[in-house]
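J.: Handing you a structure now.
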Amino acid sequence: MTHVAEAQAGHAHDAHNHAPQAFIWKYVFSKDHKVIGVQYYVTAMLMAVVAGLLAMLIRVQIAWPPATQEPQTQQVESLRLSPPPAPIRAATDAAGSVLSKGYGKTAKGYEMKPEFYAMLFTMHGTIMVFFVLSTAPVSGFGNMLIPLQVGARDMAFPFLNGLSFWTFLPGCVVILLSFFVEAGAAAAGWTSYPPLSALKSAVPGSQMGQTLWIIAMVFFIASFTMGGLNFVTTILNLRTKGLSLFRMSTTMWAMFLVAILGLLAFPALIAGSLLLLFDRHFGTSFYLPAGIILSGKVMPNAGGSPLLWQHLFWFLGHPEVYILMLPALGFTSDIIAAFSRKAIFGYKAMIGAMIAISGLSFVVWGHHMFVSGMSPYLGMAFAVGTILIAVPSAVKVFNWLATLWQSRIQFHTAMLWALGVVSLFISGGLSGVWLGQSAVDIHLHDTMFVVAHFHLIMAGAALFGVFGATAFWFPKMFGRTMNETLGKWHFWFTFITYYGTFFPMHYVGISGQMRRVYNPYEYDFLKPVQDINVFITYCALILGLSQVIFFINFFWSAFKGRKAEGNPWNAAGLEWTTPSPPGHGNWPGEIPEVHRWPYDYSVPDAPQDFVLQTDPSPIGALKPGGGH
Amino acid sequence: MTVSVVSAAETRPPAASRFEALGPGGSSSPSGPASGPIGSDPARFGLWVLLGSIAMLFIGFTSALVFRRAAADWVPMSAPPLVWVNTAVLALSSVALETARRRLRGVRYEGVQSWISVTGLLGALFVAGQVQAWRQLVAQGVFLSSDPHSAFFYVLTGVHVVHVLAALVWFTTVFVRVRRRAYAPGGDGLALFATFWHFLGGLWAYLLFVLFVL
Amino acid sequence: MSKLQGLLFALATVVLVAVSTYYFVARDWLPELHSDRGAIDVAMWWSLLVTGIVFIATNLLLAYFTWRYSDTPGAKAAYWHDSPKLEISWTAVTAAILLVFLFNALNLWGSLVDPKTIPADAVTIEVTAQQFAWNFRYPGQDGQFGKTDVKLADPEMGNFLGTDTKDPATADDIVTPQGVLLVPEGRTVVLKIRSLDVIHSFFLPNFRVKQDAMPGLTIQTWFKPTKAGKYEIACAEHCGLGHYRMKGTMFVLAADAFQAAMASQEAFDAASGPLTQPTQ
């Protein structure tokens, strides 16, 4: 009935000996979690390039929309707009001649069309949120790390794992293809609010583009669900001997919570998207009320509610942003411990905080809808959870600070990124306290203040987390180290320009600058803030360019970097007991038994300043009363 | 110092009963002995997690339905009679499956293949019956776009049928294994598939309740 | 290497704190307030103060620690990683501060959304958003809006709202030219906000007013303008190609000028004609 005998004979790597695999089974349709993780990661990188380029176009447009080309005859100084400098003008013309469908040619040169702008911000958001920042940290690093950090040969369902990647990839293809349909890609915002997204004539992108958006999302969510199944099952069922839940790294806890969030929340978006598909193509009225008049025609729908979409979307949407952010929080604790040679402070509190954040994330979605017209009393209920979620978030910051206190910090690139996460978490998190107060949100909703908030805390934390995790675990995955000098230059350029890009958005948001606006200076009250927008755009352009350093470093180091040993950082976690890179089956012999948590750094009586998780000596956490 | 709730007190489960390669994507590369409290069977555990996710999908639809019902234009429709016949068919398929399962557990193969065949046939019949019910409604002029209740009827039954079709795909591999006598007699090899199949039956009952009783 | 990076990070953090704090207070970002919703501004100032202090304090600690604890030869990190007392303390303090914010936030919101606070002499105006303009309708002398019914809508004849022309209350309704809103200074204005097509959002930056226009719903919001002048109305929800140019103009008139404009066409034209001064 069972393969018990086989299991107890010990799964030495030899038991898995098979004939050398063909390239296609080893690297393309692989079932090995490490290959799959890298596949996800590299795909996400490529999607990030696309979404990043979209952002550059957006920023140039906001700083120098067509209004700035007009002769400035304003008497009032603050209402005079500055034209784009010549290089920008030239670049815009170049972009316009290439992206001819998105630009129109005028006497003054190429001018971006409003429908193209709407497509830009829609697709930037969609691709970044789902195809980059849900993918690289979760599917990428989750797959790479989970078996290594829990002590398993592979994920629980390797075939399903491979299938999940090959379901994700078509999603990427579909969303990218949507750029090339007649009326362009979806253009109703990444939030796809109906009726704008439901009525084909409401905006050009709501023709084929929006349908392809929905299809791409179905692929993505199916893939994420398969991944989530694997994560949860592997973490709960395949941990090696001695690895209790409270000896797991914070990274593992983050992956576990993220998988649960995804499994419970994504179905709501599938449900909502399906109903949107029906409203778009089959004449239903889930989201469409009576009395809509579009292009001079009365629509036949009746009884639907656009609010229904918002509830379904944000029921996913809010946990989704924590899905993006939690892995970075997990990575950061692991990295800080390793490079400050000090155990993470308040391990249980850190886990508790992540659990609290995850739980609360399910009951705050309405804070995206404070001014939507939903019942104001419902709004009050949502404000409660929203403000309170700042408590566990603050607890995490305090614990990181306490970890750094009396530590011994080694400023490897990974550590810089982890500190960057802490910095961004503070900045981005605090603006959330403003927005959670529903009355304050009346002024700030849909302004650049919100854009600042989520770019700092969600996108920033996730991005810096990914860069940190890359620097930290690159040697493990590729058997080579990344170049420290390039890494540091990349960090500094990115850190400074990231803040330069997004922090000033708080100011223009308070001034009332709305988001998703093709030309803010239509409004006199926004003309005075063009100078800030220009500054932001310059920082954004440098931010984008700086990522070239990373690509060079990543790909060069993967092939030509200095070879790494098994544990180049003298880190204490289980994954560092494998070779770099680990072979098929991860451990060449038996999977080691775990005796302690992965944070025994600078233990007083230890021979070295770290004690491996697999070390059975009665010191550190295993000292009587040490309790880990 | 906090004392971790672990190690000494925790009993290591025996090198767990390695799951047979059941169901689609069944893996056969186990790791070292599992030490988690949910030790035994990753495939079984994974299935329950999946069922949770599927449940959330239908909870999403249910909340949409409840939200939508509040609007003034809700005109309740009555269930086409064929729907009740299909319900009986689905229920019987679960009975057939349980019978097959019981036979297998009873350390013999007699009748397992017959009863499992009945399960598959009734399942396919259910799908055909649902499609027929839709066609009947269309013939009566009740379309997806006619009114909200009919819209939800089509959507909910449609998504349910999609899951039944997926189960039928799984069924083909189960059937092949039964024919090949790959399940050990005396064991509960059909358990995983049965869980999914009965879940779909229970889900159907829930959908009927939400559509016609609530 | 380590010491330099530590110093750089500390410096960068201090510079961040200094520059960001400076700019928060150096320039007047908040549009001048001209309504009775000053309590929102008070909430924002408190938010700035408290989050500002936390921002400065945590970042200075971060800066200090990264500089002070840079690895040096012979240094040893402490093996201290738990303190229930500390955990409880900082959790409790944070929760207490946030609960104060929450309490105030809920009260403030409650006061802004409670229709019982609308005074009897309020002016009610119906706002209907469409791609890409704002429409305004006044109830006229009888104080009643004419009935509307979507079944009566006839876009070709210009009847977008489905106005029931047979309803006697419709006769004295005033529909202003698109985008032109007149309101009286010193009286509460109640806006009943609707949308003809997609979601829009009625935004008055100087009045701390923002309310989504949701198709299928009529949503109320109200405020009291406190200074006469000409103000821009913005759309704050992506509504299509013309979202960026969905501008309206609100004229806040002295009470008698408002009455006059409601009564006579000339007075109306005079009040809403092109003005030489720029908007506030």
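Order determines the names: the first chain of the structure tokens is A, the second B, and so forth; residues in each chain are numbered 1 upward, and ligands are numbered 1 upward as they are shown.
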Give me, as a PyMOL selection string, the residues of chain C touching chain A, with the criterion being at most 6 Å (counting only C-alpha atoms).
T.: chain C and resi 2+29-31+40+47+51+69-71+77-79+81-82+95+105+109+150+155+196-198+205+208+210-212+216+236+240-241+244
J.: So which residues of stretch 275-509 of chain A fall under alpha helix (DSSP H) by DSSP, listed as a PyMOL selection string?
T.: chain A and resi 275-281+306-340+347-360+376-388+390-404+413-436+438-444+448-454+461-478+484-502+504-509
J.: Could you state the separation of atom CA of A:Gly428 and atom CA of C:Ile56 in Å, given to one decimal place?
T.: 13.5 Å
J.: As a list in words, list the residues of stretch 28-159 of chain C assigned to strand (DSSP E or B) by DSSP on the backbone atoms of this structure.
T.: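 Strand (DSSP E or B) assignments inside stretch 28-159 of chain C correspond to Ser35, Ser70, Val123, Thr124, Ile125, Glu126, Val127, Thr128, Ala129, Gln130, Ala133, Trp134, Asn135, Phe136, Arg137, Tyr138, Thr148, Asp154 and Asn159 of chain C.
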J.: Rank nothing, just name the residue among C:Ala228, C:Thr165, C:Pro84, C:Tyr64 nearest to C:Ala153, using only C-alpha atoms.
T.: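 With only C-alpha atoms as the atom set, the closest residue is C:Thr165.
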J.: Here is a test: counting only C-alpha atoms, which residue of B:Pro81, B:Pro76, B:Gly60, B:Gly52 is nearest to B:Phe212?
T.: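 Residue with the minimum atom-to-atom distance to B:Phe212: B:Pro76.
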J.: May I ask which of the residues C:Met214, C:Ile88, C:Ile199, C:Ala133 is the closest one to C:Leu181, counting only C-alpha atoms?
T.: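 Ranking C:Met214, C:Ile88, C:Ile199, C:Ala133 by distance to C:Leu181, first place goes to C:Ala133.
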J.: Would you please work out which residue, of B:Leu82, B:Leu168, B:Ala184, B:Ile116, is nearest to chain A when using only C-alpha atoms?
T.: B:Ala184
J.: Please tabulate, as JSON lines, the residues of chain A that come within 6 Å of chain B, each with its closest pair of atoms and the distance in Å to one decimal, counting only C-alpha atoms and ordering rows by chain, then residue number upward.
T.:
{"residue": "A:Thr2", "atom": "CA", "partner": "B:Ser17", "partner_atom": "CA", "distance": 5.3}
{"residue": "A:His3", "atom": "CA", "partner": "B:Arg18", "partner_atom": "CA", "distance": 5.4}
{"residue": "A:Ala152", "atom": "CA", "partner": "B:Ser31", "partner_atom": "CA", "distance": 4.8}
{"residue": "A:Arg153", "atom": "CA", "partner": "B:Ser31", "partner_atom": "CA", "distance": 5.0}
{"residue": "A:Phe157", "atom": "CA", "partner": "B:Ser27", "partner_atom": "CA", "distance": 5.3}
{"residue": "A:Phe159", "atom": "CA", "partner": "B:Gly25", "partner_atom": "CA", "distance": 5.2}
{"residue": "A:Leu160", "atom": "CA", "partner": "B:Gly25", "partner_atom": "CA", "distance": 5.5}
{"residue": "A:Leu229", "atom": "CA", "partner": "B:Gly46", "partner_atom": "CA", "distance": 5.8}
{"residue": "A:Thr233", "atom": "CA", "partner": "B:Gly46", "partner_atom": "CA", "distance": 5.6}
{"residue": "A:Leu236", "atom": "CA", "partner": "B:Gly36", "partner_atom": "CA", "distance": 5.7}
{"residue": "A:Asn237", "atom": "CA", "partner": "B:Gly39", "partner_atom": "CA", "distance": 5.4}
{"residue": "A:Leu238", "atom": "CA", "partner": "B:Ala34", "partner_atom": "CA", "distance": 4.9}
{"residue": "A:Arg239", "atom": "CA", "partner": "B:Ala34", "partner_atom": "CA", "distance": 5.6}
{"residue": "A:Thr240", "atom": "CA", "partner": "B:Ala34", "partner_atom": "CA", "distance": 5.8}
{"residue": "A:Lys241", "atom": "CA", "partner": "B:Ser35", "partner_atom": "CA", "distance": 5.2}
{"residue": "A:Leu263", "atom": "CA", "partner": "B:Ser53", "partner_atom": "CA", "distance": 5.3}
{"residue": "A:Leu264", "atom": "CA", "partner": "B:Ser53", "partner_atom": "CA", "distance": 5.6}
{"residue": "A:Pro267", "atom": "CA", "partner": "B:Leu57", "partner_atom": "CA", "distance": 4.4}
{"residue": "A:Ala268", "atom": "CA", "partner": "B:Gly60", "partner_atom": "CA", "distance": 5.0}
{"residue": "A:Ala271", "atom": "CA", "partner": "B:Phe61", "partner_atom": "CA", "distance": 5.9}
{"residue": "A:Gly283", "atom": "CA", "partner": "B:Ser145", "partner_atom": "CA", "distance": 4.9}
{"residue": "A:Thr284", "atom": "CA", "partner": "B:Ser145", "partner_atom": "CA", "distance": 4.3}
{"residue": "A:Gly303", "atom": "CA", "partner": "B:Ala71", "partner_atom": "CA", "distance": 5.7}
{"residue": "A:Gly627", "atom": "CA", "partner": "B:Val3", "partner_atom": "CA", "distance": 4.2}
{"residue": "A:His628", "atom": "CA", "partner": "B:Ser4", "partner_atom": "CA", "distance": 5.4}
J.: Quick one: of B:Trp115, B:Gln132, B:Leu122, B:His149, who's nearest to B:Arg102, counting only C-alpha atoms?
T.: B:Trp115
J.: What are the nearest atom pairs, with distances in Å to one decimal, for all residues of stretch 136-194 of chain C that come at most 9 Å from stretch 252-272 of chain C, using only C-alpha atoms, set out by chain and rising residue number as a Markdown table?
T.:
| residue | atom | partner | partner_atom | distance |
| --- | --- | --- | --- | --- |
| C:Tyr138 | CA | C:Met262 | CA | 8.8 |
| C:Gly140 | CA | C:Met262 | CA | 7.6 |
| C:Gln141 | CA | C:Ala263 | CA | 8.7 |
| C:Ile174 | CA | C:Met262 | CA | 8.1 |
| C:Val180 | CA | C:Ser272 | CA | 7.5 |
| C:Leu181 | CA | C:Val252 | CA | 8.5 |
| C:Leu182 | CA | C:Val252 | CA | 6.1 |
| C:Val183 | CA | C:Val252 | CA | 5.0 |
| C:Pro184 | CA | C:Leu253 | CA | 5.0 |
| C:Glu185 | CA | C:Ala254 | CA | 5.2 |
| C:Gly186 | CA | C:Ala255 | CA | 7.4 |
| C:Arg187 | CA | C:Ala255 | CA | 8.0 |
J.: Take the selection from the previous step and output its residues with all heavy atoms, as a short mmCIF file (atom, residue, chain, number, x, y, z; two decimals), in the first residue's frame.
T.:
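Output saved as again.cif:
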data_model
loop_
_atom_site.label_atom_id
_atom_site.label_comp_id
_atom_site.auth_asym_id
_atom_site.auth_seq_id
_atom_site.Cartn_x
_atom_site.Cartn_y
_atom_site.Cartn_z
N TYR C 138 -31.32 73.29 -11.42
CA TYR C 138 -31.83 73.90 -10.20
C TYR C 138 -33.34 73.66 -10.13
O TYR C 138 -34.00 73.63 -11.17
CB TYR C 138 -31.57 75.42 -10.18
CG TYR C 138 -30.11 75.77 -10.11
CD1 TYR C 138 -29.27 75.60 -11.22
CD2 TYR C 138 -29.56 76.29 -8.94
CE1 TYR C 138 -27.93 75.91 -11.15
CE2 TYR C 138 -28.22 76.62 -8.87
CZ TYR C 138 -27.41 76.43 -9.97
OH TYR C 138 -26.08 76.75 -9.92
N GLY C 140 -35.63 75.65 -9.16
CA GLY C 140 -36.49 76.81 -9.44
C GLY C 140 -37.30 77.23 -8.22
O GLY C 140 -37.10 76.76 -7.11
N GLN C 141 -38.26 78.16 -8.49
CA GLN C 141 -39.02 78.78 -7.40
C GLN C 141 -39.80 77.78 -6.58
O GLN C 141 -39.94 77.94 -5.37
CB GLN C 141 -39.99 79.84 -7.98
CG GLN C 141 -39.30 80.97 -8.69
CD GLN C 141 -38.57 81.90 -7.74
OE1 GLN C 141 -37.97 81.47 -6.74
NE2 GLN C 141 -38.64 83.18 -8.03
N ILE C 174 -34.27 75.14 -13.68
CA ILE C 174 -33.26 75.89 -14.43
C ILE C 174 -32.10 74.96 -14.74
O ILE C 174 -31.53 74.36 -13.84
CB ILE C 174 -32.73 77.07 -13.62
CG1 ILE C 174 -33.88 78.02 -13.25
CG2 ILE C 174 -31.64 77.82 -14.39
CD1 ILE C 174 -33.48 79.07 -12.25
N VAL C 180 -21.38 75.18 -15.94
CA VAL C 180 -21.49 76.42 -15.16
C VAL C 180 -22.35 76.17 -13.93
O VAL C 180 -23.52 75.83 -14.03
CB VAL C 180 -22.13 77.54 -16.01
CG1 VAL C 180 -22.35 78.79 -15.16
CG2 VAL C 180 -21.25 77.85 -17.21
N LEU C 181 -21.75 76.35 -12.78
CA LEU C 181 -22.45 76.12 -11.52
C LEU C 181 -22.42 77.42 -10.71
O LEU C 181 -21.35 78.00 -10.52
CB LEU C 181 -21.75 75.00 -10.74
CG LEU C 181 -22.25 74.70 -9.33
CD1 LEU C 181 -23.68 74.18 -9.35
CD2 LEU C 181 -21.34 73.69 -8.65
N LEU C 182 -23.60 77.85 -10.28
CA LEU C 182 -23.67 79.05 -9.45
C LEU C 182 -24.12 78.64 -8.06
O LEU C 182 -25.08 77.88 -7.92
CB LEU C 182 -24.71 80.02 -10.02
CG LEU C 182 -24.19 81.15 -10.91
CD1 LEU C 182 -23.38 80.63 -12.07
CD2 LEU C 182 -25.36 81.97 -11.44
N VAL C 183 -23.44 79.13 -7.04
CA VAL C 183 -23.84 78.82 -5.67
C VAL C 183 -23.75 80.08 -4.81
O VAL C 183 -22.97 80.99 -5.13
CB VAL C 183 -22.97 77.71 -5.04
CG1 VAL C 183 -23.13 76.41 -5.79
CG2 VAL C 183 -21.52 78.13 -4.99
N PRO C 184 -24.53 80.14 -3.76
CA PRO C 184 -24.51 81.33 -2.91
C PRO C 184 -23.47 81.23 -1.81
O PRO C 184 -23.28 80.16 -1.21
CB PRO C 184 -25.92 81.34 -2.30
CG PRO C 184 -26.29 79.90 -2.22
CD PRO C 184 -25.58 79.20 -3.35
N GLU C 185 -22.80 82.32 -1.54
CA GLU C 185 -21.85 82.35 -0.44
C GLU C 185 -22.60 82.31 0.89
O GLU C 185 -23.64 82.96 1.04
CB GLU C 185 -21.05 83.65 -0.54
CG GLU C 185 -20.01 83.85 0.53
CD GLU C 185 -19.43 85.26 0.47
OE1 GLU C 185 -19.72 85.96 -0.53
OE2 GLU C 185 -18.70 85.64 1.39
N GLY C 186 -22.11 81.56 1.82
CA GLY C 186 -22.68 81.57 3.16
C GLY C 186 -23.91 80.70 3.34
O GLY C 186 -24.49 80.66 4.42
N ARG C 187 -24.36 80.03 2.30
CA ARG C 187 -25.48 79.09 2.47
C ARG C 187 -25.01 77.70 2.10
O ARG C 187 -24.21 77.52 1.19
CB ARG C 187 -26.64 79.47 1.56
CG ARG C 187 -27.65 80.41 2.18
CD ARG C 187 -28.62 80.90 1.15
NE ARG C 187 -29.64 79.89 0.85
CZ ARG C 187 -30.51 80.00 -0.15
NH1 ARG C 187 -30.45 81.03 -0.97
NH2 ARG C 187 -31.40 79.07 -0.37
#
J.: Just give me the gap between atom CA of A:Asn570 and atom CA of A:Met45 in Å, one decimal is fine.
T.: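 Rounded to one decimal, the two atoms are 28.4 Å apart.
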J.: Report, in Å to a single decimal, how far apart atom CA of A:Gly544 and atom CA of A:Ser100 are.
T.: 22.8 Å
J.: Residues within 8 Å of stretch 85-94 of chain B, please, as a list in words. Count only C-alpha atoms; anything in the same chain fewer than 2 positions from it doesn't count.
T.: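 Residues meeting the cut-off are Pro81, Leu82, Val83, Ala96, Leu97, Glu98, Val118, Thr119, Gly120, Leu122, Gly123, Leu125, Phe126, Gly129, Gln130, Ala194, Trp197, His198, Gly201, Trp204 and Ala205 of chain B.
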J.: How would the residues just chosen look if you wrote them out with all heavy atoms as a short mmCIF file (atom, residue, chain, number, x, y, z; two decimals), in the first residue's frame?
T.:
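Listing of result_32.cif after writing:
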data_model
loop_
_atom_site.label_atom_id
_atom_site.label_comp_id
_atom_site.auth_asym_id
_atom_site.auth_seq_id
_atom_site.Cartn_x
_atom_site.Cartn_y
_atom_site.Cartn_z
N PRO B 81 -37.97 21.97 -14.87
CA PRO B 81 -38.12 20.64 -14.25
C PRO B 81 -36.94 19.72 -14.52
O PRO B 81 -36.56 18.92 -13.66
CB PRO B 81 -39.39 20.08 -14.93
CG PRO B 81 -40.10 21.25 -15.46
CD PRO B 81 -39.11 22.34 -15.71
N LEU B 82 -36.32 19.86 -15.69
CA LEU B 82 -35.20 18.99 -16.02
C LEU B 82 -34.09 19.12 -14.99
O LEU B 82 -33.34 18.18 -14.72
CB LEU B 82 -34.67 19.36 -17.42
CG LEU B 82 -33.57 18.47 -18.01
CD1 LEU B 82 -33.99 17.00 -17.97
CD2 LEU B 82 -33.25 18.89 -19.43
N VAL B 83 -33.99 20.30 -14.40
CA VAL B 83 -32.94 20.54 -13.40
C VAL B 83 -33.05 19.56 -12.25
O VAL B 83 -32.04 19.07 -11.73
CB VAL B 83 -33.02 22.01 -12.91
CG1 VAL B 83 -32.34 22.16 -11.56
CG2 VAL B 83 -32.37 22.94 -13.93
N ALA B 96 -23.18 5.79 -6.71
CA ALA B 96 -22.44 4.77 -7.46
C ALA B 96 -20.97 4.82 -7.11
O ALA B 96 -20.30 3.79 -6.94
CB ALA B 96 -22.64 5.00 -8.96
N LEU B 97 -20.46 6.01 -6.98
CA LEU B 97 -19.04 6.17 -6.66
C LEU B 97 -18.73 5.59 -5.28
O LEU B 97 -17.74 4.88 -5.09
CB LEU B 97 -18.67 7.65 -6.73
CG LEU B 97 -17.21 8.01 -6.40
CD1 LEU B 97 -16.25 7.23 -7.28
CD2 LEU B 97 -16.99 9.49 -6.59
N GLU B 98 -19.59 5.91 -4.34
CA GLU B 98 -19.37 5.38 -2.99
C GLU B 98 -19.43 3.86 -2.98
O GLU B 98 -18.68 3.20 -2.26
CB GLU B 98 -20.40 5.95 -2.00
CG GLU B 98 -19.99 7.26 -1.38
CD GLU B 98 -18.60 7.23 -0.77
OE1 GLU B 98 -18.38 6.51 0.23
OE2 GLU B 98 -17.71 7.91 -1.31
N VAL B 118 -20.63 3.40 -13.98
CA VAL B 118 -21.93 4.05 -13.77
C VAL B 118 -21.73 5.49 -13.34
O VAL B 118 -22.41 6.41 -13.82
CB VAL B 118 -22.74 3.28 -12.70
CG1 VAL B 118 -23.98 4.05 -12.33
CG2 VAL B 118 -23.11 1.90 -13.23
N THR B 119 -20.76 5.70 -12.44
CA THR B 119 -20.45 7.06 -11.99
C THR B 119 -20.16 7.97 -13.17
O THR B 119 -20.73 9.05 -13.32
CB THR B 119 -19.24 7.06 -11.05
OG1 THR B 119 -19.45 6.12 -10.00
CG2 THR B 119 -19.00 8.44 -10.48
N GLY B 120 -19.24 7.50 -14.02
CA GLY B 120 -18.85 8.33 -15.15
C GLY B 120 -20.01 8.59 -16.10
O GLY B 120 -20.21 9.71 -16.57
N LEU B 122 -23.23 8.56 -15.41
CA LEU B 122 -24.19 9.49 -14.81
C LEU B 122 -23.64 10.91 -14.80
O LEU B 122 -24.38 11.88 -14.99
CB LEU B 122 -24.54 9.03 -13.39
CG LEU B 122 -25.39 7.76 -13.32
CD1 LEU B 122 -25.64 7.36 -11.86
CD2 LEU B 122 -26.72 7.97 -14.03
N GLY B 123 -22.34 11.03 -14.58
CA GLY B 123 -21.73 12.36 -14.62
C GLY B 123 -21.89 13.00 -15.97
O GLY B 123 -22.28 14.17 -16.09
N LEU B 125 -24.07 12.23 -18.13
CA LEU B 125 -25.51 12.44 -18.32
C LEU B 125 -25.94 13.75 -17.67
O LEU B 125 -26.76 14.51 -18.20
CB LEU B 125 -26.28 11.27 -17.71
CG LEU B 125 -27.75 11.12 -18.14
CD1 LEU B 125 -27.79 10.91 -19.65
CD2 LEU B 125 -28.39 9.94 -17.43
N PHE B 126 -25.37 14.01 -16.49
CA PHE B 126 -25.66 15.27 -15.80
C PHE B 126 -25.29 16.46 -16.68
O PHE B 126 -26.08 17.39 -16.85
CB PHE B 126 -24.91 15.33 -14.46
CG PHE B 126 -25.01 16.67 -13.78
CD1 PHE B 126 -26.14 17.00 -13.06
CD2 PHE B 126 -23.98 17.60 -13.89
CE1 PHE B 126 -26.25 18.25 -12.42
CE2 PHE B 126 -24.09 18.84 -13.26
CZ PHE B 126 -25.22 19.16 -12.54
N GLY B 129 -27.60 16.75 -19.47
CA GLY B 129 -28.90 17.24 -18.98
C GLY B 129 -28.88 18.73 -18.73
O GLY B 129 -29.85 19.44 -19.02
N GLN B 130 -27.79 19.23 -18.21
CA GLN B 130 -27.69 20.67 -17.95
C GLN B 130 -27.73 21.44 -19.27
O GLN B 130 -28.42 22.45 -19.40
CB GLN B 130 -26.39 21.00 -17.21
CG GLN B 130 -26.31 20.48 -15.79
CD GLN B 130 -27.26 21.20 -14.86
OE1 GLN B 130 -28.46 20.92 -14.87
NE2 GLN B 130 -26.75 22.11 -14.07
N ALA B 194 -13.19 10.76 -5.08
CA ALA B 194 -14.52 10.79 -4.46
C ALA B 194 -14.74 12.12 -3.74
O ALA B 194 -15.82 12.70 -3.80
CB ALA B 194 -14.68 9.62 -3.50
N TRP B 197 -15.60 14.67 -6.31
CA TRP B 197 -16.89 14.42 -6.94
C TRP B 197 -18.04 14.77 -6.00
O TRP B 197 -19.01 15.43 -6.39
CB TRP B 197 -16.98 12.96 -7.39
CG TRP B 197 -18.16 12.73 -8.28
CD1 TRP B 197 -19.36 12.19 -7.95
CD2 TRP B 197 -18.23 13.06 -9.67
NE1 TRP B 197 -20.18 12.17 -9.03
CE2 TRP B 197 -19.53 12.69 -10.10
CE3 TRP B 197 -17.34 13.63 -10.59
CZ2 TRP B 197 -19.97 12.88 -11.41
CZ3 TRP B 197 -17.77 13.82 -11.89
CH2 TRP B 197 -19.08 13.44 -12.29
N HIS B 198 -17.92 14.32 -4.74
CA HIS B 198 -18.99 14.62 -3.78
C HIS B 198 -19.06 16.11 -3.50
O HIS B 198 -20.14 16.68 -3.30
CB HIS B 198 -18.77 13.86 -2.46
CG HIS B 198 -18.80 12.38 -2.62
ND1 HIS B 198 -19.62 11.73 -3.52
CD2 HIS B 198 -18.09 11.41 -1.99
CE1 HIS B 198 -19.41 10.43 -3.45
NE2 HIS B 198 -18.49 10.21 -2.52
N GLY B 201 -21.13 17.64 -5.99
CA GLY B 201 -22.54 17.36 -5.72
C GLY B 201 -23.08 18.29 -4.65
O GLY B 201 -24.15 18.89 -4.79
N TRP B 204 -23.53 21.68 -5.94
CA TRP B 204 -24.74 21.78 -6.75
C TRP B 204 -25.97 22.01 -5.86
O TRP B 204 -26.82 22.85 -6.16
CB TRP B 204 -24.91 20.53 -7.61
CG TRP B 204 -26.19 20.54 -8.40
CD1 TRP B 204 -27.24 19.68 -8.28
CD2 TRP B 204 -26.56 21.48 -9.41
NE1 TRP B 204 -28.24 20.02 -9.14
CE2 TRP B 204 -27.86 21.13 -9.85
CE3 TRP B 204 -25.93 22.59 -9.98
CZ2 TRP B 204 -28.53 21.84 -10.84
CZ3 TRP B 204 -26.60 23.29 -10.96
CH2 TRP B 204 -27.89 22.92 -11.38
N ALA B 205 -26.01 21.25 -4.77
CA ALA B 205 -27.13 21.43 -3.84
C ALA B 205 -27.15 22.86 -3.32
O ALA B 205 -28.19 23.51 -3.25
CB ALA B 205 -27.02 20.43 -2.68
#
J.: Excluding same-chain residues fewer than 6 positions from A:Lys200, what lies within 10 Å of it counting only C-alpha atoms, as a list in words?
T.: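 Here the qualifying residues turn out to be Ser206, Gln207, Met208, Gly209, Gln210, Thr211, Arg280, His281 and Leu294 of chain A.
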J.: Rank nothing, just name the residue among C:Val15, C:Ala96, C:Arg194, C:Leu217 nearest to chain B, using only C-alpha atoms.
T.: C:Leu217
J.: Within 12 Å of stretch 104-107 of chain A, counting only C-alpha atoms, which residues qualify if same-chain residues fewer than 6 places away don't, as a list in words?
T.: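 The filter keeps Pro66, Gln69, Glu70, Thr92, Asp93, Ala94, Ala95, Gly96, Ser97, Val98, Lys113, Pro114, Glu115 and Phe116 of chain A.
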